[in-house]
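Q: File follows, run.cif with mmCIF, C-alpha atoms:
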data_upload
loop_
_atom_site.label_atom_id
_atom_site.label_comp_id
_atom_site.auth_asym_id
_atom_site.auth_seq_id
_atom_site.Cartn_x
_atom_site.Cartn_y
_atom_site.Cartn_z
CA MET X 1 -28.52 -14.69 -7.34
CA LEU X 2 -28.28 -13.67 -3.70
CA THR X 3 -31.42 -11.83 -2.64
CA GLN X 4 -30.68 -11.46 1.05
CA THR X 5 -28.30 -9.23 2.95
CA THR X 6 -25.30 -11.42 3.61
CA SER X 7 -21.53 -11.86 3.40
CA ARG X 8 -19.57 -14.68 1.79
CA VAL X 9 -16.18 -15.59 0.39
CA LEU X 10 -16.08 -14.55 -3.25
CA GLU X 11 -15.22 -17.02 -6.01
CA PRO X 12 -13.45 -16.53 -9.35
CA SER X 13 -16.84 -16.13 -11.06
CA ASP X 14 -17.44 -13.00 -8.97
CA LEU X 15 -14.47 -11.17 -10.53
CA ASP X 16 -16.39 -8.64 -12.61
CA ALA X 17 -18.63 -7.64 -9.70
CA ALA X 18 -15.62 -7.28 -7.39
CA LEU X 19 -13.74 -5.14 -9.91
CA ALA X 20 -16.80 -2.90 -10.23
CA VAL X 21 -16.70 -2.24 -6.48
CA LEU X 22 -12.95 -1.63 -6.52
CA ASP X 23 -13.34 0.80 -9.43
CA ARG X 24 -15.58 3.08 -7.34
CA GLU X 25 -12.49 4.36 -5.51
CA PRO X 26 -9.62 3.67 -7.91
CA VAL X 27 -6.95 5.61 -6.00
CA ALA X 28 -7.69 4.37 -2.49
CA ASN X 29 -8.09 0.80 -3.76
CA THR X 30 -4.98 0.67 -5.96
CA PHE X 31 -3.17 -1.96 -3.86
CA VAL X 32 -6.02 -4.47 -3.82
CA THR X 33 -7.17 -3.73 -7.37
CA ALA X 34 -3.68 -4.42 -8.71
CA ARG X 35 -3.57 -7.78 -6.92
CA VAL X 36 -7.02 -8.79 -8.13
CA GLN X 37 -6.28 -7.78 -11.73
CA ILE X 38 -3.19 -10.00 -11.71
CA ALA X 39 -4.43 -12.95 -9.63
CA GLY X 40 -8.22 -12.94 -9.88
CA LEU X 41 -10.18 -14.13 -6.84
CA ASP X 42 -8.74 -17.61 -6.39
CA PRO X 43 -7.45 -17.51 -2.78
CA TRP X 44 -4.26 -19.44 -3.57
CA ARG X 45 -3.22 -17.04 -6.34
CA LEU X 46 -4.56 -13.94 -4.58
CA GLY X 47 -2.73 -14.71 -1.33
CA GLY X 48 -5.92 -14.48 0.70
CA GLU X 49 -9.69 -14.54 0.54
CA MET X 50 -11.91 -11.76 -0.77
CA TRP X 51 -15.02 -11.35 1.35
CA GLY X 52 -18.09 -9.79 -0.19
CA TRP X 53 -21.05 -8.02 1.40
CA TYR X 54 -24.36 -8.08 -0.44
CA GLU X 55 -27.28 -5.70 0.01
CA GLY X 56 -30.44 -7.00 -1.66
CA GLY X 57 -28.41 -9.33 -3.84
CA VAL X 58 -25.98 -6.64 -5.02
CA LEU X 59 -22.29 -6.76 -4.09
CA THR X 60 -21.60 -3.43 -2.37
CA SER X 61 -18.53 -3.90 -0.11
CA LEU X 62 -15.38 -6.01 -0.02
CA CYS X 63 -12.73 -7.03 2.48
CA TYR X 64 -9.38 -8.50 1.44
CA ALA X 65 -8.22 -11.02 4.03
CA GLY X 66 -4.62 -11.96 3.43
CA ALA X 67 -1.36 -10.76 4.98
CA ASN X 68 -3.33 -7.53 5.47
CA LEU X 69 -7.00 -7.16 6.35
CA VAL X 70 -8.33 -4.40 4.08
CA PRO X 71 -11.93 -3.10 4.13
CA ILE X 72 -12.99 -1.76 0.72
CA CYS X 73 -15.96 0.57 0.15
CA ALA X 74 -17.22 -0.89 3.41
CA THR X 75 -20.51 0.36 4.86
CA PRO X 76 -21.13 0.13 8.62
CA ARG X 77 -23.22 -3.03 8.19
CA ALA X 78 -20.53 -4.56 5.99
CA VAL X 79 -17.87 -3.74 8.59
CA ARG X 80 -19.86 -5.59 11.26
CA ALA X 81 -20.22 -8.62 9.01
CA PHE X 82 -16.50 -8.59 8.15
CA ALA X 83 -15.59 -8.27 11.84
CA ASP X 84 -17.78 -11.29 12.67
CA ARG X 85 -16.11 -13.34 9.95
CA ALA X 86 -12.63 -12.22 11.03
CA ARG X 87 -13.33 -13.16 14.65
CA ARG X 88 -14.50 -16.62 13.64
CA ALA X 89 -11.45 -17.18 11.44
CA GLY X 90 -8.95 -15.86 14.01
CA ARG X 91 -6.22 -13.36 13.28
CA ARG X 92 -4.04 -14.41 10.37
CA CYS X 93 -2.94 -10.96 9.21
CA SER X 94 0.02 -8.83 10.24
CA SER X 95 -1.95 -5.59 9.86
CA ILE X 96 -5.34 -4.04 9.27
CA VAL X 97 -5.08 -1.19 6.79
CA GLY X 98 -7.50 0.85 4.73
CA PRO X 99 -9.59 4.02 4.61
CA ALA X 100 -9.56 5.53 8.08
CA GLY X 101 -13.29 5.45 8.87
CA PRO X 102 -14.11 1.81 8.08
CA THR X 103 -10.73 0.64 9.40
CA ALA X 104 -11.35 2.37 12.74
CA ASP X 105 -14.79 0.76 12.96
CA LEU X 106 -13.36 -2.66 12.11
CA TRP X 107 -10.61 -2.34 14.71
CA ARG X 108 -13.05 -1.23 17.39
CA LEU X 109 -15.00 -4.45 16.85
CA LEU X 110 -11.92 -6.69 16.68
CA GLU X 111 -9.75 -5.14 19.41
CA PRO X 112 -11.39 -7.02 22.32
CA GLN X 113 -10.30 -10.34 20.76
CA TRP X 114 -7.30 -9.32 18.67
CA GLY X 115 -5.74 -6.59 20.81
CA PRO X 116 -3.55 -5.15 21.92
CA ALA X 117 -1.91 -4.06 18.69
CA ARG X 118 1.80 -3.32 18.46
CA ASP X 119 1.02 0.08 16.92
CA VAL X 120 -2.10 1.95 15.79
CA ARG X 121 -1.69 4.78 13.27
CA THR X 122 -5.10 6.39 13.20
CA HIS X 123 -4.48 9.09 10.58
CA GLN X 124 -2.23 8.55 7.57
CA PRO X 125 -2.95 11.19 4.91
CA LEU X 126 -3.60 9.77 1.44
CA MET X 127 -1.88 12.13 -0.98
CA VAL X 128 -2.47 12.34 -4.72
CA THR X 129 -1.18 14.15 -7.79
CA ASP X 130 -1.66 13.89 -11.56
CA ARG X 131 1.01 16.34 -12.71
CA MET X 132 4.65 17.23 -12.38
CA PRO X 133 5.65 20.03 -10.00
CA ASP X 134 6.43 23.48 -11.35
CA THR X 135 9.13 24.36 -8.84
CA THR X 136 11.06 21.11 -8.17
CA ALA X 137 13.21 19.69 -10.95
CA PRO X 138 13.58 15.89 -11.05
CA ASP X 139 16.93 14.56 -9.85
CA PRO X 140 18.68 13.44 -13.06
CA TYR X 141 20.66 10.80 -11.13
CA VAL X 142 17.58 8.87 -9.96
CA ARG X 143 17.09 5.89 -12.26
CA ARG X 144 15.60 2.43 -12.43
CA VAL X 145 17.45 -0.13 -10.33
CA ARG X 146 18.99 -2.89 -12.47
CA LYS X 147 18.48 -6.56 -11.73
CA ASP X 148 22.20 -6.97 -10.97
CA GLU X 149 21.88 -4.30 -8.26
CA LEU X 150 19.48 -6.25 -6.06
CA GLU X 151 22.13 -6.92 -3.40
CA THR X 152 22.98 -3.21 -3.35
CA ILE X 153 19.40 -1.98 -2.95
CA MET X 154 18.32 -4.64 -0.47
CA PRO X 155 19.96 -3.16 2.68
CA ALA X 156 18.29 0.20 1.96
CA CYS X 157 14.92 -1.54 1.57
CA VAL X 158 15.41 -3.38 4.87
CA ALA X 159 16.40 -0.14 6.62
CA MET X 160 13.34 1.67 5.25
CA PHE X 161 10.95 -1.12 6.27
CA THR X 162 12.42 -1.38 9.76
CA GLU X 163 12.19 2.38 10.29
CA GLU X 164 8.65 2.55 8.94
CA VAL X 165 7.06 -0.57 10.47
CA GLY X 166 9.16 -0.99 13.60
CA VAL X 167 10.22 -4.58 12.93
CA SER X 168 12.70 -6.07 10.46
CA PRO X 169 11.32 -7.74 7.33
CA LEU X 170 14.05 -10.36 7.84
CA ALA X 171 12.30 -11.78 10.91
CA GLY X 172 10.47 -15.07 10.61
CA ASP X 173 11.50 -16.52 7.24
CA GLY X 174 14.89 -14.80 7.10
CA GLY X 175 13.56 -12.27 4.64
CA LEU X 176 12.78 -14.66 1.77
CA LEU X 177 9.33 -13.24 1.06
CA TYR X 178 10.53 -9.67 1.40
CA GLN X 179 13.52 -10.23 -0.87
CA ALA X 180 11.24 -11.85 -3.44
CA ARG X 181 8.97 -8.79 -3.36
CA VAL X 182 11.91 -6.39 -3.79
CA ALA X 183 13.22 -8.52 -6.66
CA GLU X 184 9.76 -8.49 -8.26
CA LEU X 185 9.65 -4.69 -8.23
CA VAL X 186 13.21 -4.41 -9.57
CA GLY X 187 12.38 -6.90 -12.32
CA ALA X 188 9.25 -4.95 -13.25
CA GLY X 189 11.22 -1.69 -13.54
CA ARG X 190 9.36 -0.14 -10.62
CA SER X 191 12.30 0.31 -8.22
CA PHE X 192 14.23 3.59 -8.40
CA ALA X 193 17.35 4.91 -6.69
CA ARG X 194 20.18 7.40 -6.72
CA PHE X 195 23.60 5.92 -5.99
CA ASP X 196 26.68 7.82 -4.85
CA ALA X 197 30.14 7.54 -6.39
CA ASP X 198 30.85 4.45 -4.26
CA GLY X 199 27.67 2.72 -5.39
CA LYS X 200 25.81 3.24 -2.11
CA VAL X 201 22.13 4.15 -2.09
CA VAL X 202 21.45 7.85 -1.44
CA PHE X 203 17.69 7.83 -2.19
CA LYS X 204 15.24 5.14 -3.18
CA ALA X 205 11.53 4.56 -3.75
CA GLU X 206 9.27 2.08 -5.49
CA ILE X 207 6.02 2.11 -7.40
CA GLY X 208 4.52 -0.67 -5.33
CA ALA X 209 1.10 -1.13 -6.92
CA ALA X 210 -0.25 -0.06 -10.28
CA THR X 211 -3.42 -0.23 -12.32
CA ASP X 212 -4.38 1.60 -15.49
CA ARG X 213 -6.13 4.21 -13.30
CA ALA X 214 -3.57 4.91 -10.58
CA CYS X 215 -0.30 3.85 -9.01
CA GLN X 216 1.03 3.99 -5.47
CA ILE X 217 4.55 5.13 -4.55
CA GLN X 218 6.03 3.48 -1.47
CA GLY X 219 9.28 2.77 0.32
CA VAL X 220 10.62 6.32 0.08
CA TRP X 221 13.95 6.45 1.91
CA VAL X 222 16.98 8.74 2.16
CA ALA X 223 20.24 7.47 3.63
CA PRO X 224 20.64 8.99 7.12
CA GLU X 225 23.87 10.82 6.24
CA HIS X 226 22.09 12.59 3.35
CA ARG X 227 18.98 13.69 5.23
CA GLY X 228 18.32 17.42 5.44
CA ARG X 229 20.30 18.09 2.28
CA GLY X 230 17.42 18.51 -0.15
CA VAL X 231 17.71 15.03 -1.66
CA ALA X 232 14.14 13.81 -1.16
CA ALA X 233 12.06 16.32 -3.16
CA PRO X 234 14.07 16.09 -6.44
CA GLY X 235 14.22 12.30 -5.95
CA MET X 236 10.44 12.14 -5.55
CA ALA X 237 9.98 14.36 -8.59
CA ALA X 238 12.08 11.92 -10.61
CA VAL X 239 10.06 8.92 -9.45
CA LEU X 240 6.85 10.84 -10.11
CA ARG X 241 7.95 11.52 -13.68
CA TYR X 242 8.49 7.79 -14.26
CA ALA X 243 5.13 7.04 -12.63
CA LEU X 244 3.07 9.50 -14.67
CA THR X 245 4.92 8.86 -17.94
CA ASP X 246 5.18 5.07 -17.85
CA VAL X 247 2.66 3.69 -15.37
CA ALA X 248 -0.60 5.55 -14.66
CA PRO X 249 -2.23 8.98 -14.95
CA VAL X 250 -2.47 9.45 -11.17
CA ALA X 251 0.13 8.79 -8.47
CA SER X 252 -0.66 8.38 -4.79
CA LEU X 253 1.00 7.56 -1.50
CA TYR X 254 0.08 7.55 2.15
CA VAL X 255 2.23 8.87 4.95
CA ASN X 256 2.22 8.91 8.74
CA ASP X 257 0.72 12.18 10.00
CA PHE X 258 3.58 12.59 12.48
CA ASN X 259 6.21 12.45 9.71
CA THR X 260 6.34 16.19 9.11
CA PRO X 261 9.49 16.24 6.90
CA ALA X 262 8.01 13.63 4.55
CA ARG X 263 4.68 15.42 4.32
CA ARG X 264 6.43 18.69 3.46
CA THR X 265 8.50 16.94 0.80
CA TYR X 266 5.44 15.43 -0.85
CA GLU X 267 3.63 18.77 -0.76
CA ARG X 268 6.63 20.44 -2.43
CA VAL X 269 6.37 17.92 -5.26
CA GLY X 270 2.67 18.69 -5.67
CA PHE X 271 0.94 15.91 -3.75
CA GLN X 272 -2.30 17.02 -2.10
CA GLU X 273 -4.22 15.33 0.69
CA ALA X 274 -7.25 13.48 -0.70
CA GLY X 275 -8.30 11.28 2.19
CA ALA X 276 -6.83 9.30 5.04
CA PHE X 277 -5.78 5.74 5.76
CA MET X 278 -5.38 3.98 9.09
CA SER X 279 -3.05 1.11 9.97
CA VAL X 280 -3.17 -1.33 12.85
CA LEU X 281 0.13 -3.23 13.17
CA PHE X 282 0.52 -6.52 15.03
#
Before anything else, please render the file you have as structure tokens.
A:
Amino acid sequence: MLTQTTSRVLEPSDLDAALAVLDREPVANTFVTARVQIAGLDPWRLGGEMWGWYEGGVLTSLCYAGANLVPICATPRAVRAFADRARRAGRRCSSIVGPAGPTADLWRLLEPQWGPARDVRTHQPLMVTDRMPDTTAPDPYVRRVRKDELETIMPACVAMFTEEVGVSPLAGDGGLLYQARVAELVGAGRSFARFDADGKVVFKAEIGAATDRACQIQGVWVAPEHRGRGVAAPGMAAVLRYALTDVAPVASLYVNDFNTPARRTYERVGFQEAGAFMSVLF
């Protein structure tokens, strides 16, 4: 039993305590909770370490340190401890992302060594809903993407990622990891799209992370030639229906505050702002 105030790398035996922390904010923590529920806390399976912060022997805060650095229920003292550990380890992540307050504090401490960042998005509204909209009917042509359609959906996924993040997911390893992730979502029945008569993608989105408490919609994209034609809101309503019927009782997403058309679309479908995320991209 740890009696002092300290941080350490969690071990598989710490799983129940870590899940208890994650469960304090089930919507905001959906991404990390889903990974931990599948992989546990073994770093090789999890794809990174889980750092824990203890106050008087009780685990109170977490930080996932993998491809992303994600503070979780992090108090100011925990943030300082996580920043110290991150500095010692050196930057291995491609982004820092999480609830806006702790993420801003973490970045302020790390920026002198890790900066400058390629992009800092200080306010990304976290939007949530637990019901279908009254005024927007789901697009009946939005459906699950089949496994044999992976080559068709992949260019749309690459276009969405490049627009959203500012770099291509094909850089580095030629897109092997990204293609594997897209294939995983298609295989799990969590990739959705509307195709036109020629088989081209008109609209697409994925349910990227899911627990029994909440799921997170991501990768929302409309083909450029179809933008401004009212495609997105019915498409989102269709994906939301799948999410709430088949996956979890609450659906969430986070969006860049400067993306006014997307925010209006999500509001039309019934999503309401429930917090804010921040992302630091390298």
Q: Would you mind listing what lies within 7 Å of range 234-249 of chain X as a VMD selection string, with only C-alpha atoms counted and same-chain residues fewer than 6 positions away left out?
A: chain X and resid 130 132 136 to 139 142 192 203 210 to 215 269
Q: Take the residues just selected and output them with C-alpha atoms as a tab-separated table (two decimals), in the coordinates of the input.
A:
chain	number	residue	atom	x	y	z
X	130	ASP	CA	-1.66	13.89	-11.56
X	132	MET	CA	4.65	17.23	-12.38
X	136	THR	CA	11.06	21.11	-8.17
X	137	ALA	CA	13.21	19.69	-10.95
X	138	PRO	CA	13.58	15.89	-11.05
X	139	ASP	CA	16.93	14.56	-9.85
X	142	VAL	CA	17.58	8.87	-9.96
X	192	PHE	CA	14.23	3.59	-8.40
X	203	PHE	CA	17.69	7.83	-2.19
X	210	ALA	CA	-0.25	-0.06	-10.28
X	211	THR	CA	-3.42	-0.23	-12.32
X	212	ASP	CA	-4.38	1.60	-15.49
X	213	ARG	CA	-6.13	4.21	-13.30
X	214	ALA	CA	-3.57	4.91	-10.58
X	215	CYS	CA	-0.30	3.85	-9.01
X	269	VAL	CA	6.37	17.92	-5.26
Q: Return the single residue from X:Pro116, X:Leu22, X:Ala274, X:Gly228 that is closest to Ala74 in chain X, with distances computed using all atoms listed in the file.
A: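 So, comparing all the options, the nearest one is X:Leu22.
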Q: Could you state the separation of CA of Glu184 in chain X and CA of Phe282 in chain X in Å, given to one decimal place?
A: 25.1 Å
Q: Give me, as JSON, numbers by chain, all polymer residues having an atom no more than 8 Å from Thr75 in chain X, counting only C-alpha atoms and skipping those fewer than 2 positions away in the same chain.
A: {"X": [61, 73, 77, 78, 79, 102]}
Q: Against range 254-267 of chain X, which residues of range 10-90 of chain X fall within 12 Å? For each one I want the closest pair of atoms and the distance in Å (one decimal), counting only C-alpha atoms, rows by chain and increasing residue number, as JSON lines.
A:
{"residue": "X:Val27", "atom": "CA", "partner": "X:Tyr254", "partner_atom": "CA", "distance": 10.9}
{"residue": "X:Ala28", "atom": "CA", "partner": "X:Tyr254", "partner_atom": "CA", "distance": 9.6}
{"residue": "X:Thr30", "atom": "CA", "partner": "X:Tyr254", "partner_atom": "CA", "distance": 11.8}
{"residue": "X:Phe31", "atom": "CA", "partner": "X:Tyr254", "partner_atom": "CA", "distance": 11.7}
Q: For a quick check of understanding, using all atoms listed in the file, which of X:Gly101, X:Tyr178, X:Ala188, X:Leu41 has the smallest distance to Gln124 in chain X?
A: X:Gly101
Q: Would you translate the PyMOL selection byres ((chain X and resi 53) around 6) into the concrete set of residues it matches in this file, as a ChimeraX atom specification?
A: /X:6-7,52,54,59-61,78
Q: Applied to the shown file, which residues does the PyMOL selection byres ((chain X and resi 71) around 9) return, written as a list in words?
A: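 The output of the PyMOL selection byres ((chain X and resi 71) around 9) on this file is Ser61, Leu62, Cys63, Tyr64, Ala65, Leu69, Val70, Ile72, Cys73, Ala74, Ala78, Val79, Phe82, Ile96, Val97, Gly98, Pro99, Pro102, Thr103 and Leu106 of chain X.
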Q: Save out the residues we just selected, C-alpha atoms, as a PDB file, keeping the file's coordinate frame.
A:
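The resulting selection-v4.pdb:
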ATOM      1  CA  SER X  61     -18.530  -3.900  -0.110  1.00  0.00           C
ATOM      2  CA  LEU X  62     -15.380  -6.010  -0.020  1.00  0.00           C
ATOM      3  CA  CYS X  63     -12.730  -7.030   2.480  1.00  0.00           C
ATOM      4  CA  TYR X  64      -9.380  -8.500   1.440  1.00  0.00           C
ATOM      5  CA  ALA X  65      -8.220 -11.020   4.030  1.00  0.00           C
ATOM      6  CA  LEU X  69      -7.000  -7.160   6.350  1.00  0.00           C
ATOM      7  CA  VAL X  70      -8.330  -4.400   4.080  1.00  0.00           C
ATOM      8  CA  ILE X  72     -12.990  -1.760   0.720  1.00  0.00           C
ATOM      9  CA  CYS X  73     -15.960   0.570   0.150  1.00  0.00           C
ATOM     10  CA  ALA X  74     -17.220  -0.890   3.410  1.00  0.00           C
ATOM     11  CA  ALA X  78     -20.530  -4.560   5.990  1.00  0.00           C
ATOM     12  CA  VAL X  79     -17.870  -3.740   8.590  1.00  0.00           C
ATOM     13  CA  PHE X  82     -16.500  -8.590   8.150  1.00  0.00           C
ATOM     14  CA  ILE X  96      -5.340  -4.040   9.270  1.00  0.00           C
ATOM     15  CA  VAL X  97      -5.080  -1.190   6.790  1.00  0.00           C
ATOM     16  CA  GLY X  98      -7.500   0.850   4.730  1.00  0.00           C
ATOM     17  CA  PRO X  99      -9.590   4.020   4.610  1.00  0.00           C
ATOM     18  CA  PRO X 102     -14.110   1.810   8.080  1.00  0.00           C
ATOM     19  CA  THR X 103     -10.730   0.640   9.400  1.00  0.00           C
ATOM     20  CA  LEU X 106     -13.360  -2.660  12.110  1.00  0.00           C
TER      21      LEU X 106
END
Q: To one decimal place in Å, what is the distance between CA of Met127 in chain X and CA of Gly270 in chain X?
A: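 CA of Met127 in chain X sits 9.3 Å away from CA of Gly270 in chain X.
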Q: Give me the residues within 12 Å of Lys200 in chain X as a PyMOL selection string, counting all atoms listed in the file and dropping any in the same chain fewer than 5 places off.
A: chain X and resi 149+151-156+193-195+222-223+225-226
Q: Starting from the displayed file, determine the output of the PyMOL selection byres ((chain X and resi 279-281) around 6) and express the residue list as JSON, numbers by chain.
A: {"X": [95, 96, 97, 117, 118, 119, 120, 121, 278, 282]}
Q: Quick one: pull the distance between CA of Pro224 in chain X and CA of Pro169 in chain X, Å, one decimal.
A: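 Taking CA of Pro224 in chain X as the start and CA of Pro169 in chain X as the end point, the length is 19.2 Å.
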Q: Which residue gives the smallest distance to Pro112 in chain X among X:Ala233, X:Ala83, X:Ala100, X:Val21, with only C-alpha atoms counted?
A: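 Checking each of X:Ala233, X:Ala83, X:Ala100, X:Val21 against Pro112 in chain X, counting only C-alpha atoms, the winner is X:Ala83.
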Q: In terms of the shortest atom-to-atom distance over only C-alpha atoms, which of X:Pro140, X:Gly172, X:Gly199, X:Gly166 is closest to Val231 in chain X?
A: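 Looking only at the distances to Val231 in chain X, the closest residue turns out to be X:Pro140.
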Q: List every protein, DNA or RNA residue that has an atom no more than 9 Å from (12.5, -4.8, -9.2) in the file's coordinate frame, counting only C-alpha atoms, and report them as a PDB file with C-alpha atoms, in the coordinates of the input.
A:
ATOM      1  CA  ARG X 144      15.600   2.430 -12.430  1.00  0.00           C
ATOM      2  CA  VAL X 145      17.450  -0.130 -10.330  1.00  0.00           C
ATOM      3  CA  ARG X 146      18.990  -2.890 -12.470  1.00  0.00           C
ATOM      4  CA  LYS X 147      18.480  -6.560 -11.730  1.00  0.00           C
ATOM      5  CA  LEU X 150      19.480  -6.250  -6.060  1.00  0.00           C
ATOM      6  CA  ARG X 181       8.970  -8.790  -3.360  1.00  0.00           C
ATOM      7  CA  VAL X 182      11.910  -6.390  -3.790  1.00  0.00           C
ATOM      8  CA  ALA X 183      13.220  -8.520  -6.660  1.00  0.00           C
ATOM      9  CA  GLU X 184       9.760  -8.490  -8.260  1.00  0.00           C
ATOM     10  CA  LEU X 185       9.650  -4.690  -8.230  1.00  0.00           C
ATOM     11  CA  VAL X 186      13.210  -4.410  -9.570  1.00  0.00           C
ATOM     12  CA  GLY X 187      12.380  -6.900 -12.320  1.00  0.00           C
ATOM     13  CA  ALA X 188       9.250  -4.950 -13.250  1.00  0.00           C
ATOM     14  CA  GLY X 189      11.220  -1.690 -13.540  1.00  0.00           C
ATOM     15  CA  ARG X 190       9.360  -0.140 -10.620  1.00  0.00           C
ATOM     16  CA  SER X 191      12.300   0.310  -8.220  1.00  0.00           C
ATOM     17  CA  PHE X 192      14.230   3.590  -8.400  1.00  0.00           C
ATOM     18  CA  GLU X 206       9.270   2.080  -5.490  1.00  0.00           C
TER      19      GLU X 206
END
Q: Nearest residue to Asp42 in chain X out of X:Arg227, X:Ala67, X:Glu11, X:Pro26, using only C-alpha atoms?
A: X:Glu11
Q: Taking all atoms listed in the file into account, name the residue in X:Arg108, X:Arg80, X:Arg45, X:His123 that is nearest to Gly275 in chain X.
A: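 Once distances to Gly275 in chain X are computed over all atoms listed in the file, the minimum belongs to X:His123.
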